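Pasted below: input-v3.cif, mmCIF, C-alpha atoms and all ligand atoms.
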data_data
loop_
_atom_site.group_PDB
_atom_site.id
_atom_site.type_symbol
_atom_site.label_atom_id
_atom_site.label_comp_id
_atom_site.auth_asym_id
_atom_site.auth_seq_id
_atom_site.Cartn_x
_atom_site.Cartn_y
_atom_site.Cartn_z
ATOM 1 C CA MET A 23 5.319 -5.665 28.667
ATOM 2 C CA LYS A 24 4.517 -6.754 25.103
ATOM 3 C CA THR A 25 6.847 -5.242 22.518
ATOM 4 C CA TYR A 26 5.760 -4.651 18.942
ATOM 5 C CA GLY A 27 7.876 -2.779 16.444
ATOM 6 C CA LEU A 28 9.052 -1.840 12.994
ATOM 7 C CA ILE A 29 12.174 -2.962 11.145
ATOM 8 C CA GLY A 30 13.567 -0.943 8.251
ATOM 9 C CA TYR A 31 16.375 1.462 7.463
ATOM 10 C CA PRO A 32 16.496 4.359 7.929
ATOM 11 C CA LEU A 33 13.471 4.902 10.174
ATOM 12 C CA GLU A 34 12.990 8.598 10.665
ATOM 13 C CA HIS A 35 9.312 9.325 10.027
ATOM 14 C CA SER A 36 7.239 6.323 10.944
ATOM 15 C CA PHE A 37 3.452 6.406 10.555
ATOM 16 C CA SER A 38 3.217 3.081 12.444
ATOM 17 C CA GLY A 39 5.187 4.312 15.483
ATOM 18 C CA LYS A 40 2.861 7.275 15.929
ATOM 19 C CA TYR A 41 -0.269 5.277 15.060
ATOM 20 C CA PHE A 42 0.348 2.542 17.642
ATOM 21 C CA ALA A 43 1.448 4.952 20.400
ATOM 22 C CA GLU A 44 -1.852 6.821 19.914
ATOM 23 C CA LYS A 45 -3.860 3.595 19.672
ATOM 24 C CA PHE A 46 -2.457 2.236 22.960
ATOM 25 C CA GLU A 47 -3.238 5.539 24.652
ATOM 26 C CA LYS A 48 -6.715 6.066 23.132
ATOM 27 C CA GLU A 49 -7.917 2.492 23.636
ATOM 28 C CA ASN A 50 -6.265 2.228 27.039
ATOM 29 C CA ILE A 51 -4.237 -0.818 25.919
ATOM 30 C CA GLN A 52 -1.937 -1.566 28.847
ATOM 31 C CA ASN A 53 1.583 -3.011 28.898
ATOM 32 C CA CYS A 54 2.218 -2.658 25.192
ATOM 33 C CA GLU A 55 4.913 -0.668 23.456
ATOM 34 C CA TYR A 56 5.866 -0.086 19.808
ATOM 35 C CA GLN A 57 9.577 0.355 19.127
ATOM 36 C CA LEU A 58 11.495 1.350 16.041
ATOM 37 C CA PHE A 59 14.302 -1.051 15.087
ATOM 38 C CA PRO A 60 16.443 0.689 12.433
ATOM 39 C CA ILE A 61 18.553 -2.355 11.492
ATOM 40 C CA GLU A 62 21.364 -1.771 9.022
ATOM 41 C CA ASN A 63 21.404 -5.343 7.755
ATOM 42 C CA ILE A 64 18.704 -8.023 7.498
ATOM 43 C CA GLN A 65 20.975 -10.458 9.439
ATOM 44 C CA GLU A 66 20.119 -8.402 12.524
ATOM 45 C CA PHE A 67 16.547 -9.682 12.225
ATOM 46 C CA VAL A 68 17.799 -13.128 13.314
ATOM 47 C CA ASN A 69 18.921 -11.691 16.669
ATOM 48 C CA LEU A 70 15.803 -9.596 17.002
ATOM 49 C CA LYS A 71 13.429 -12.520 16.648
ATOM 50 C CA LYS A 72 15.211 -14.292 19.530
ATOM 51 C CA GLN A 73 14.190 -11.406 21.776
ATOM 52 C CA ASN A 74 10.766 -11.369 23.326
ATOM 53 C CA ILE A 75 8.944 -9.533 20.533
ATOM 54 C CA ALA A 76 5.216 -9.978 19.962
ATOM 55 C CA GLY A 77 4.996 -8.790 16.364
ATOM 56 C CA LEU A 78 6.765 -6.678 13.763
ATOM 57 C CA ASN A 79 6.020 -4.434 10.834
ATOM 58 C CA VAL A 80 8.528 -4.351 8.001
ATOM 59 C CA THR A 81 9.350 -1.426 5.753
ATOM 60 C CA ILE A 82 11.869 -0.422 3.088
ATOM 61 C CA PRO A 83 14.359 -1.984 2.306
ATOM 62 C CA TYR A 84 13.407 -5.325 3.920
ATOM 63 C CA LYS A 85 9.910 -6.182 2.631
ATOM 64 C CA GLU A 86 11.371 -8.733 0.211
ATOM 65 C CA GLN A 87 14.728 -9.459 1.886
ATOM 66 C CA VAL A 88 13.061 -10.724 5.070
ATOM 67 C CA ILE A 89 11.168 -13.558 3.335
ATOM 68 C CA PRO A 90 13.948 -16.231 3.446
ATOM 69 C CA TYR A 91 14.269 -15.648 7.219
ATOM 70 C CA LEU A 92 10.624 -16.514 7.970
ATOM 71 C CA ASP A 93 9.222 -19.931 8.933
ATOM 72 C CA GLU A 94 5.962 -19.444 7.011
ATOM 73 C CA LEU A 95 4.363 -17.120 4.490
ATOM 74 C CA ASP A 96 0.688 -16.204 4.129
ATOM 75 C CA GLU A 97 -0.690 -17.017 0.649
ATOM 76 C CA HIS A 98 -1.235 -13.371 -0.343
ATOM 77 C CA ALA A 99 2.231 -12.310 0.854
ATOM 78 C CA ASN A 100 3.627 -15.225 -1.143
ATOM 79 C CA ALA A 101 1.775 -14.180 -4.308
ATOM 80 C CA ILE A 102 2.800 -10.531 -3.856
ATOM 81 C CA GLY A 103 6.406 -11.369 -2.950
ATOM 82 C CA ALA A 104 6.568 -8.813 -0.126
ATOM 83 C CA VAL A 105 5.973 -8.886 3.637
ATOM 84 C CA ASN A 106 5.109 -5.927 5.853
ATOM 85 C CA VAL A 107 3.809 -7.781 8.938
ATOM 86 C CA ILE A 108 5.457 -10.601 10.902
ATOM 87 C CA GLN A 109 3.505 -12.656 13.383
ATOM 88 C CA ILE A 110 5.697 -14.245 16.076
ATOM 89 C CA LYS A 111 4.123 -17.123 18.046
ATOM 90 C CA ASN A 112 6.155 -19.508 20.213
ATOM 91 C CA GLY A 113 9.328 -18.502 18.390
ATOM 92 C CA LYS A 114 7.800 -19.234 14.948
ATOM 93 C CA THR A 115 7.514 -16.430 12.391
ATOM 94 C CA LYS A 116 4.889 -16.001 9.677
ATOM 95 C CA GLY A 117 4.898 -13.188 7.111
ATOM 96 C CA TYR A 118 1.822 -11.311 5.877
ATOM 97 C CA ASN A 119 1.116 -8.381 3.587
ATOM 98 C CA SER A 120 -1.368 -6.083 5.309
ATOM 99 C CA ASP A 121 -1.258 -3.529 2.432
ATOM 100 C CA TYR A 122 -3.224 -6.197 0.566
ATOM 101 C CA TYR A 123 -6.000 -6.184 3.167
ATOM 102 C CA GLY A 124 -5.924 -2.402 3.705
ATOM 103 C CA PHE A 125 -6.321 -1.766 -0.006
ATOM 104 C CA LYS A 126 -8.925 -4.482 -0.570
ATOM 105 C CA ASP A 127 -11.250 -3.338 2.213
ATOM 106 C CA SER A 128 -11.005 0.340 1.257
ATOM 107 C CA LEU A 129 -11.532 -0.422 -2.453
ATOM 108 C CA LEU A 130 -14.666 -2.412 -1.668
ATOM 109 C CA ASP A 131 -15.927 0.552 0.402
ATOM 110 C CA PHE A 132 -15.155 2.955 -2.462
ATOM 111 C CA LEU A 133 -16.563 1.119 -5.486
ATOM 112 C CA PRO A 134 -20.272 0.546 -6.045
ATOM 113 C CA LYS A 135 -21.354 -3.097 -5.638
ATOM 114 C CA ASP A 136 -22.226 -3.295 -9.349
ATOM 115 C CA PHE A 137 -18.852 -1.926 -10.569
ATOM 116 C CA ASN A 138 -18.323 -3.572 -13.921
ATOM 117 C CA SER A 139 -15.348 -2.006 -15.665
ATOM 118 C CA LYS A 140 -11.588 -2.357 -15.845
ATOM 119 C CA ALA A 141 -8.799 -0.681 -13.868
ATOM 120 C CA LEU A 142 -5.680 1.221 -14.854
ATOM 121 C CA VAL A 143 -2.809 0.937 -12.388
ATOM 122 C CA LEU A 144 -0.405 3.885 -12.634
ATOM 123 C CA GLY A 145 3.138 2.950 -11.600
ATOM 124 C CA THR A 146 5.071 -0.301 -11.226
ATOM 125 C CA GLY A 147 6.791 0.030 -7.829
ATOM 126 C CA GLY A 148 6.506 -1.904 -4.564
ATOM 127 C CA ALA A 149 3.011 -0.679 -3.680
ATOM 128 C CA SER A 150 1.587 -1.689 -7.065
ATOM 129 C CA LYS A 151 2.243 -5.384 -6.329
ATOM 130 C CA ALA A 152 -0.321 -5.638 -3.522
ATOM 131 C CA ILE A 153 -2.788 -3.569 -5.551
ATOM 132 C CA LYS A 154 -2.500 -5.883 -8.558
ATOM 133 C CA GLN A 155 -3.031 -8.977 -6.380
ATOM 134 C CA VAL A 156 -6.224 -7.459 -4.914
ATOM 135 C CA LEU A 157 -7.524 -6.724 -8.422
ATOM 136 C CA VAL A 158 -6.788 -10.313 -9.489
ATOM 137 C CA ASP A 159 -8.615 -11.684 -6.423
ATOM 138 C CA LEU A 160 -11.611 -9.366 -6.987
ATOM 139 C CA SER A 161 -11.714 -10.363 -10.677
ATOM 140 C CA ILE A 162 -11.235 -6.750 -11.808
ATOM 141 C CA SER A 163 -9.251 -6.797 -15.077
ATOM 142 C CA PHE A 164 -6.490 -4.244 -15.189
ATOM 143 C CA ASN A 165 -3.803 -2.707 -17.369
ATOM 144 C CA ILE A 166 -0.558 -1.134 -16.203
ATOM 145 C CA VAL A 167 0.686 2.357 -17.072
ATOM 146 C CA SER A 168 4.390 3.081 -16.774
ATOM 147 C CA ARG A 169 6.926 5.662 -17.865
ATOM 148 C CA LYS A 170 8.900 2.682 -19.152
ATOM 149 C CA ASP A 171 8.176 0.626 -22.268
ATOM 150 C CA GLY A 172 7.187 -2.991 -21.851
ATOM 151 C CA PHE A 173 3.940 -2.472 -19.911
ATOM 152 C CA ASP A 174 0.391 -2.036 -21.295
ATOM 153 C CA PHE A 175 0.461 1.741 -21.843
ATOM 154 C CA THR A 176 2.854 4.628 -21.490
ATOM 155 C CA TYR A 177 1.533 8.037 -20.408
ATOM 156 C CA ALA A 178 2.319 9.297 -23.931
ATOM 157 C CA GLU A 179 0.042 6.621 -25.431
ATOM 158 C CA LEU A 180 -2.830 7.611 -23.128
ATOM 159 C CA ASN A 181 -2.398 11.251 -24.122
ATOM 160 C CA GLU A 182 -2.341 10.352 -27.815
ATOM 161 C CA ARG A 183 -5.547 8.280 -27.442
ATOM 162 C CA PRO A 184 -7.554 9.708 -24.514
ATOM 163 C CA ALA A 185 -10.588 7.543 -25.458
ATOM 164 C CA ILE A 186 -8.669 4.595 -23.920
ATOM 165 C CA LEU A 187 -9.942 5.914 -20.568
ATOM 166 C CA ASP A 188 -13.544 5.067 -21.608
ATOM 167 C CA ASP A 189 -12.680 1.409 -20.992
ATOM 168 C CA PHE A 190 -11.125 1.934 -17.554
ATOM 169 C CA HIS A 191 -13.481 3.398 -14.972
ATOM 170 C CA LEU A 192 -11.136 2.728 -12.035
ATOM 171 C CA ILE A 193 -7.761 4.511 -12.076
ATOM 172 C CA ILE A 194 -5.343 3.848 -9.232
ATOM 173 C CA ASN A 195 -2.341 6.085 -8.613
ATOM 174 C CA THR A 196 0.463 4.010 -7.085
ATOM 175 C CA THR A 197 3.117 6.615 -7.935
ATOM 176 C CA PRO A 198 4.335 9.059 -5.273
ATOM 177 C CA LEU A 199 3.361 12.039 -7.480
ATOM 178 C CA GLY A 200 1.496 14.727 -5.519
ATOM 179 C CA THR A 201 2.936 13.813 -2.111
ATOM 180 C CA TYR A 202 3.708 16.768 0.160
ATOM 181 C CA PRO A 203 5.594 19.060 -0.479
ATOM 182 C CA ASN A 204 5.232 18.444 -4.260
ATOM 183 C CA VAL A 205 1.476 18.890 -4.062
ATOM 184 C CA GLU A 206 1.061 20.306 -7.591
ATOM 185 C CA GLU A 207 2.345 17.115 -9.235
ATOM 186 C CA LYS A 208 0.018 14.480 -10.661
ATOM 187 C CA PRO A 209 0.264 11.560 -13.088
ATOM 188 C CA ASP A 210 0.273 12.701 -16.715
ATOM 189 C CA ILE A 211 -3.023 11.206 -17.914
ATOM 190 C CA PRO A 212 -5.606 12.983 -20.148
ATOM 191 C CA TYR A 213 -7.939 14.178 -17.349
ATOM 192 C CA ARG A 214 -10.316 15.766 -19.888
ATOM 193 C CA ALA A 215 -11.391 12.232 -20.886
ATOM 194 C CA LEU A 216 -12.702 11.508 -17.368
ATOM 195 C CA ASN A 217 -16.373 11.793 -16.456
ATOM 196 C CA ASN A 218 -18.782 10.860 -13.685
ATOM 197 C CA ASN A 219 -18.380 7.139 -14.445
ATOM 198 C CA HIS A 220 -14.772 7.241 -13.231
ATOM 199 C CA TYR A 221 -13.365 6.310 -9.806
ATOM 200 C CA LEU A 222 -9.918 7.678 -8.941
ATOM 201 C CA TYR A 223 -8.089 5.997 -6.065
ATOM 202 C CA ASP A 224 -4.895 7.743 -4.917
ATOM 203 C CA LEU A 225 -2.540 5.785 -2.635
ATOM 204 C CA VAL A 226 -1.075 9.134 -1.597
ATOM 205 C CA TYR A 227 -2.642 10.380 1.666
ATOM 206 C CA ASN A 228 -0.680 13.564 2.346
ATOM 207 C CA PRO A 229 -2.243 15.948 1.347
ATOM 208 C CA SER A 230 -5.698 14.472 1.898
ATOM 209 C CA GLU A 231 -6.894 15.948 -1.392
ATOM 210 C CA THR A 232 -4.230 15.491 -4.048
ATOM 211 C CA ALA A 233 -3.882 17.220 -7.418
ATOM 212 C CA PHE A 234 -4.817 13.866 -9.038
ATOM 213 C CA MET A 235 -8.054 13.763 -7.031
ATOM 214 C CA LYS A 236 -8.864 17.431 -7.719
ATOM 215 C CA ALA A 237 -8.371 16.997 -11.467
ATOM 216 C CA GLY A 238 -10.731 13.994 -11.381
ATOM 217 C CA GLN A 239 -13.342 15.833 -9.293
ATOM 218 C CA ASN A 240 -13.322 18.688 -11.832
ATOM 219 C CA GLN A 241 -14.542 16.167 -14.422
ATOM 220 C CA GLY A 242 -17.194 14.680 -12.110
ATOM 221 C CA ALA A 243 -15.193 11.578 -11.094
ATOM 222 C CA LYS A 244 -15.459 10.059 -7.613
ATOM 223 C CA THR A 245 -12.147 10.130 -5.693
ATOM 224 C CA THR A 246 -10.500 8.775 -2.565
ATOM 225 C CA ASN A 247 -7.060 9.028 -0.968
ATOM 226 C CA GLY A 248 -4.841 6.394 0.683
ATOM 227 C CA LEU A 249 -5.670 7.142 4.316
ATOM 228 C CA GLU A 250 -8.246 4.391 4.772
ATOM 229 C CA MET A 251 -5.754 1.902 3.287
ATOM 230 C CA LEU A 252 -3.027 3.142 5.624
ATOM 231 C CA ILE A 253 -5.178 2.824 8.729
ATOM 232 C CA GLY A 254 -6.616 -0.458 7.458
ATOM 233 C CA GLN A 255 -3.162 -2.019 7.053
ATOM 234 C CA ALA A 256 -2.115 -0.909 10.564
ATOM 235 C CA GLU A 257 -5.278 -2.365 12.113
ATOM 236 C CA LYS A 258 -4.791 -5.578 10.143
ATOM 237 C CA SER A 259 -1.265 -5.836 11.623
ATOM 238 C CA TRP A 260 -2.719 -5.564 15.121
ATOM 239 C CA GLU A 261 -5.321 -8.223 14.341
ATOM 240 C CA ILE A 262 -2.653 -10.585 12.902
ATOM 241 C CA TRP A 263 -0.347 -10.169 15.936
ATOM 242 C CA ASN A 264 -3.163 -10.838 18.356
ATOM 243 C CA ARG A 265 -4.799 -13.853 16.733
ATOM 244 C CA SER A 266 -5.009 -16.718 19.184
ATOM 245 C CA GLU A 267 -3.868 -19.216 16.524
ATOM 246 C CA PRO A 268 -1.835 -18.514 13.391
ATOM 247 C CA GLN A 269 -4.181 -18.509 10.359
HETATM 248 N N1 LIG B 1 -1.934 4.465 1.484
HETATM 249 C C1 LIG B 1 -1.132 3.477 1.825
HETATM 250 O O1 LIG B 1 -1.393 2.705 2.755
HETATM 251 C C2 LIG B 1 0.121 3.272 1.034
HETATM 252 C C3 LIG B 1 0.795 2.042 1.087
HETATM 253 C C4 LIG B 1 1.942 1.870 0.315
HETATM 254 C C5 LIG B 1 2.410 2.930 -0.463
HETATM 255 N N2 LIG B 1 1.729 4.122 -0.465
HETATM 256 C C6 LIG B 1 2.185 5.240 -1.288
HETATM 257 O O2 LIG B 1 2.228 4.786 -2.638
HETATM 258 C C7 LIG B 1 3.254 5.479 -3.338
HETATM 259 C C8 LIG B 1 4.124 4.482 -4.081
HETATM 260 O O3 LIG B 1 4.851 3.667 -3.181
HETATM 261 P P1 LIG B 1 6.001 2.688 -3.745
HETATM 262 O O4 LIG B 1 6.687 2.131 -2.553
HETATM 263 O O5 LIG B 1 5.464 1.765 -4.769
HETATM 264 O O6 LIG B 1 6.956 3.792 -4.416
HETATM 265 P P2 LIG B 1 8.052 3.675 -5.547
HETATM 266 O O7 LIG B 1 8.428 2.238 -5.695
HETATM 267 O O8 LIG B 1 9.077 4.678 -5.236
HETATM 268 O O9 LIG B 1 7.295 4.225 -6.862
HETATM 269 C C9 LIG B 1 6.205 3.642 -7.435
HETATM 270 C C10 LIG B 1 6.216 3.810 -8.940
HETATM 271 O O10 LIG B 1 5.778 5.104 -9.284
HETATM 272 C C11 LIG B 1 6.300 5.440 -10.566
HETATM 273 N N3 LIG B 1 6.926 6.757 -10.443
HETATM 274 C C12 LIG B 1 7.877 7.141 -9.553
HETATM 275 N N4 LIG B 1 8.231 8.422 -9.773
HETATM 276 C C13 LIG B 1 7.480 8.858 -10.810
HETATM 277 C C14 LIG B 1 7.389 10.078 -11.522
HETATM 278 N N5 LIG B 1 8.156 11.129 -11.201
HETATM 279 N N6 LIG B 1 6.507 10.159 -12.561
HETATM 280 C C15 LIG B 1 5.739 9.094 -12.900
HETATM 281 N N7 LIG B 1 5.790 7.905 -12.258
HETATM 282 C C16 LIG B 1 6.638 7.794 -11.245
HETATM 283 C C17 LIG B 1 7.313 4.385 -10.932
HETATM 284 O O11 LIG B 1 6.725 3.490 -11.870
HETATM 285 P P3 LIG B 1 7.224 3.491 -13.425
HETATM 286 O O12 LIG B 1 8.713 3.534 -13.363
HETATM 287 O O13 LIG B 1 6.662 2.217 -13.940
HETATM 288 O O14 LIG B 1 6.628 4.699 -14.072
HETATM 289 C C18 LIG B 1 7.573 3.685 -9.619
HETATM 290 O O15 LIG B 1 7.929 2.355 -9.750
HETATM 291 C C19 LIG B 1 4.006 6.302 -2.289
HETATM 292 O O16 LIG B 1 3.540 7.626 -2.358
HETATM 293 C C20 LIG B 1 3.603 5.677 -0.977
HETATM 294 O O17 LIG B 1 3.611 6.607 0.094
HETATM 295 C C21 LIG B 1 0.601 4.301 0.250
#
The structure in this file should be written as structure tokens.
Amino acid sequence: MKTYGLIGYPLEHSFSGKYFAEKFEKENIQNCEYQLFPIENIQEFVNLKKQNIAGLNVTIPYKEQVIPYLDELDEHANAIGAVNVIQIKNGKTKGYNSDYYGFKDSLLDFLPKDFNSKALVLGTGGASKAIKQVLVDLSISFNIVSRKDGFDFTYAELNERPAILDDFHLIINTTPLGTYPNVEEKPDIPYRALNNNHYLYDLVYNPSETAFMKAGQNQGAKTTNGLEMLIGQAEKSWEIWNRSEPQ
């Protein structure tokens, strides 16, 4: 039996647990299980990696804390400063960030090939780090919007000067606003300044059509939610765990 799993704390609702149970069943993948490891302290990871585990996902609060305990770090995970996948081969551990790959692939599917504008990233939390690294690697210039001072724009500044949005045709919501059950919430940007040149990418995936997306659609903008990213990062984890050689 090959054991894969998730470390984090607490682990009550896990997308990955459900996703991999269904994947093993649907694709008739034999002798594999996906376990939840709700560890209360990162030190417990040291014991866990001595057990016969084939690969791990990592979630809050250990995405950064786990890094000093790993033998190697993938270049993107290193640049982002957060790990959500651990490959374990012959007792050696290597950390990856599959949010990076999930977001990159889905963004490339979403944007037209000739996209030639800048991006606004709403929010400055954990998820925004992988998003920013993808934008750097795709050479898409971006500005950051935060409730706090010290970033490129505040929401108040955007509302005072809605024409700023003319320069940013990609707007990415990395805040949790609009997540079920608070489905009426959305980032406080001047939606009236959007038009059919705009692309709105919401990392939120529940509900599948968020208030942010609806407000963009009403102005003619193209929109997508975070489901493709979520599935993409899970599939990337599976690919990383099952590579014949570490890459
Ligand atoms: N689709 C996927 O695969 C995927 C992957 C990762 C995360 N996500 C989703 O992305 C979202 C963000 O995740 P995260 O871990 O980065 O969360 P987080 O750290 O809790 O929050 C992200 C940022 O959102 C802003 N924010 C939070 N509450 C806000 C509010 N009430 N009004 C305005 N801004 C607010 C904050 O930035 P400022 O303080 O700078 O304003 C915060 O740093 C979550 O909904 C998560 O489920 C989706």
Query raised in the report: Can you tell me which residues sit at most 10 Å away from ligand LIG 1 (chain B), counting all atoms listed in the file, written as number ranges by chain?
Result: A: 37, 81-83, 120-122, 124-125, 128, 143-153, 166-173, 176-177, 195-202, 207-210, 223-228, 247-256
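Here the PyMOL selection byres (((chain A and resi 112-119) around 7) and not hetatm) matches the residues Leu92, Asp93, Glu94, Leu95, Asp96, His98, Ala99, Ala104, Val105, Asn106, Val107, Ile108, Gln109, Ile110, Lys111, Ser120, Asp121 and Tyr122 of chain A.
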Shell of 6 Å around His191 (chain A), all atoms listed in the file, local chain residues under 2 positions omitted, as a PDB file with C-alpha atoms, in the frame of the given file:
ATOM      1  CA  SER A 139     -15.348  -2.006 -15.665  1.00  0.00           C
ATOM      2  CA  HIS A 220     -14.772   7.241 -13.231  1.00  0.00           C
ATOM      3  CA  TYR A 221     -13.365   6.310  -9.806  1.00  0.00           C
TER       4      TYR A 221
END
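Ranking A:Phe42, A:Tyr31, A:Phe190, A:Phe137 by their shortest atom-to-atom distance to Trp260 (chain A), with all atoms listed in the file included, puts A:Phe42 first.
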Quick one: everything within 7 Å of Tyr26 (chain A), counting all atoms listed in the file, minus sequence neighbours fewer than 6 positions away in the same chain. Send it as a PDB file with C-alpha atoms, in the frame of the given file.
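Generated output (around-v3.pdb):
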ATOM      1  CA  GLU A  55       4.913  -0.668  23.456  1.00  0.00           C
ATOM      2  CA  TYR A  56       5.866  -0.086  19.808  1.00  0.00           C
ATOM      3  CA  GLN A  57       9.577   0.355  19.127  1.00  0.00           C
ATOM      4  CA  ILE A  75       8.944  -9.533  20.533  1.00  0.00           C
ATOM      5  CA  ALA A  76       5.216  -9.978  19.962  1.00  0.00           C
ATOM      6  CA  GLY A  77       4.996  -8.790  16.364  1.00  0.00           C
ATOM      7  CA  LEU A  78       6.765  -6.678  13.763  1.00  0.00           C
TER       8      LEU A  78
END
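With only C-alpha atoms as the atoms that count, the residue of A:Arg183, A:Tyr91, A:Glu206, A:Asn264 with the shortest distance to Asn69 (chain A) is A:Tyr91.
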Requested in this report: Tell me, in Å to one decimal, how far CA of Leu192 (chain A) is from CA of Leu160 (chain A).
Outcome: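 Pair CA of Leu192 (chain A) / CA of Leu160 (chain A) returns 13.1 Å.
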Please report, as AutoDock Vina command-line options, the centre and edge lengths in Å to one decimal of an axis-aligned box covering all listed atoms of region 208-224 of chain A with 8 Å per side.
--center_x -9.3 --center_y 10.9 --center_z -12.9 --size_x 35.1 --size_y 25.8 --size_z 32.0
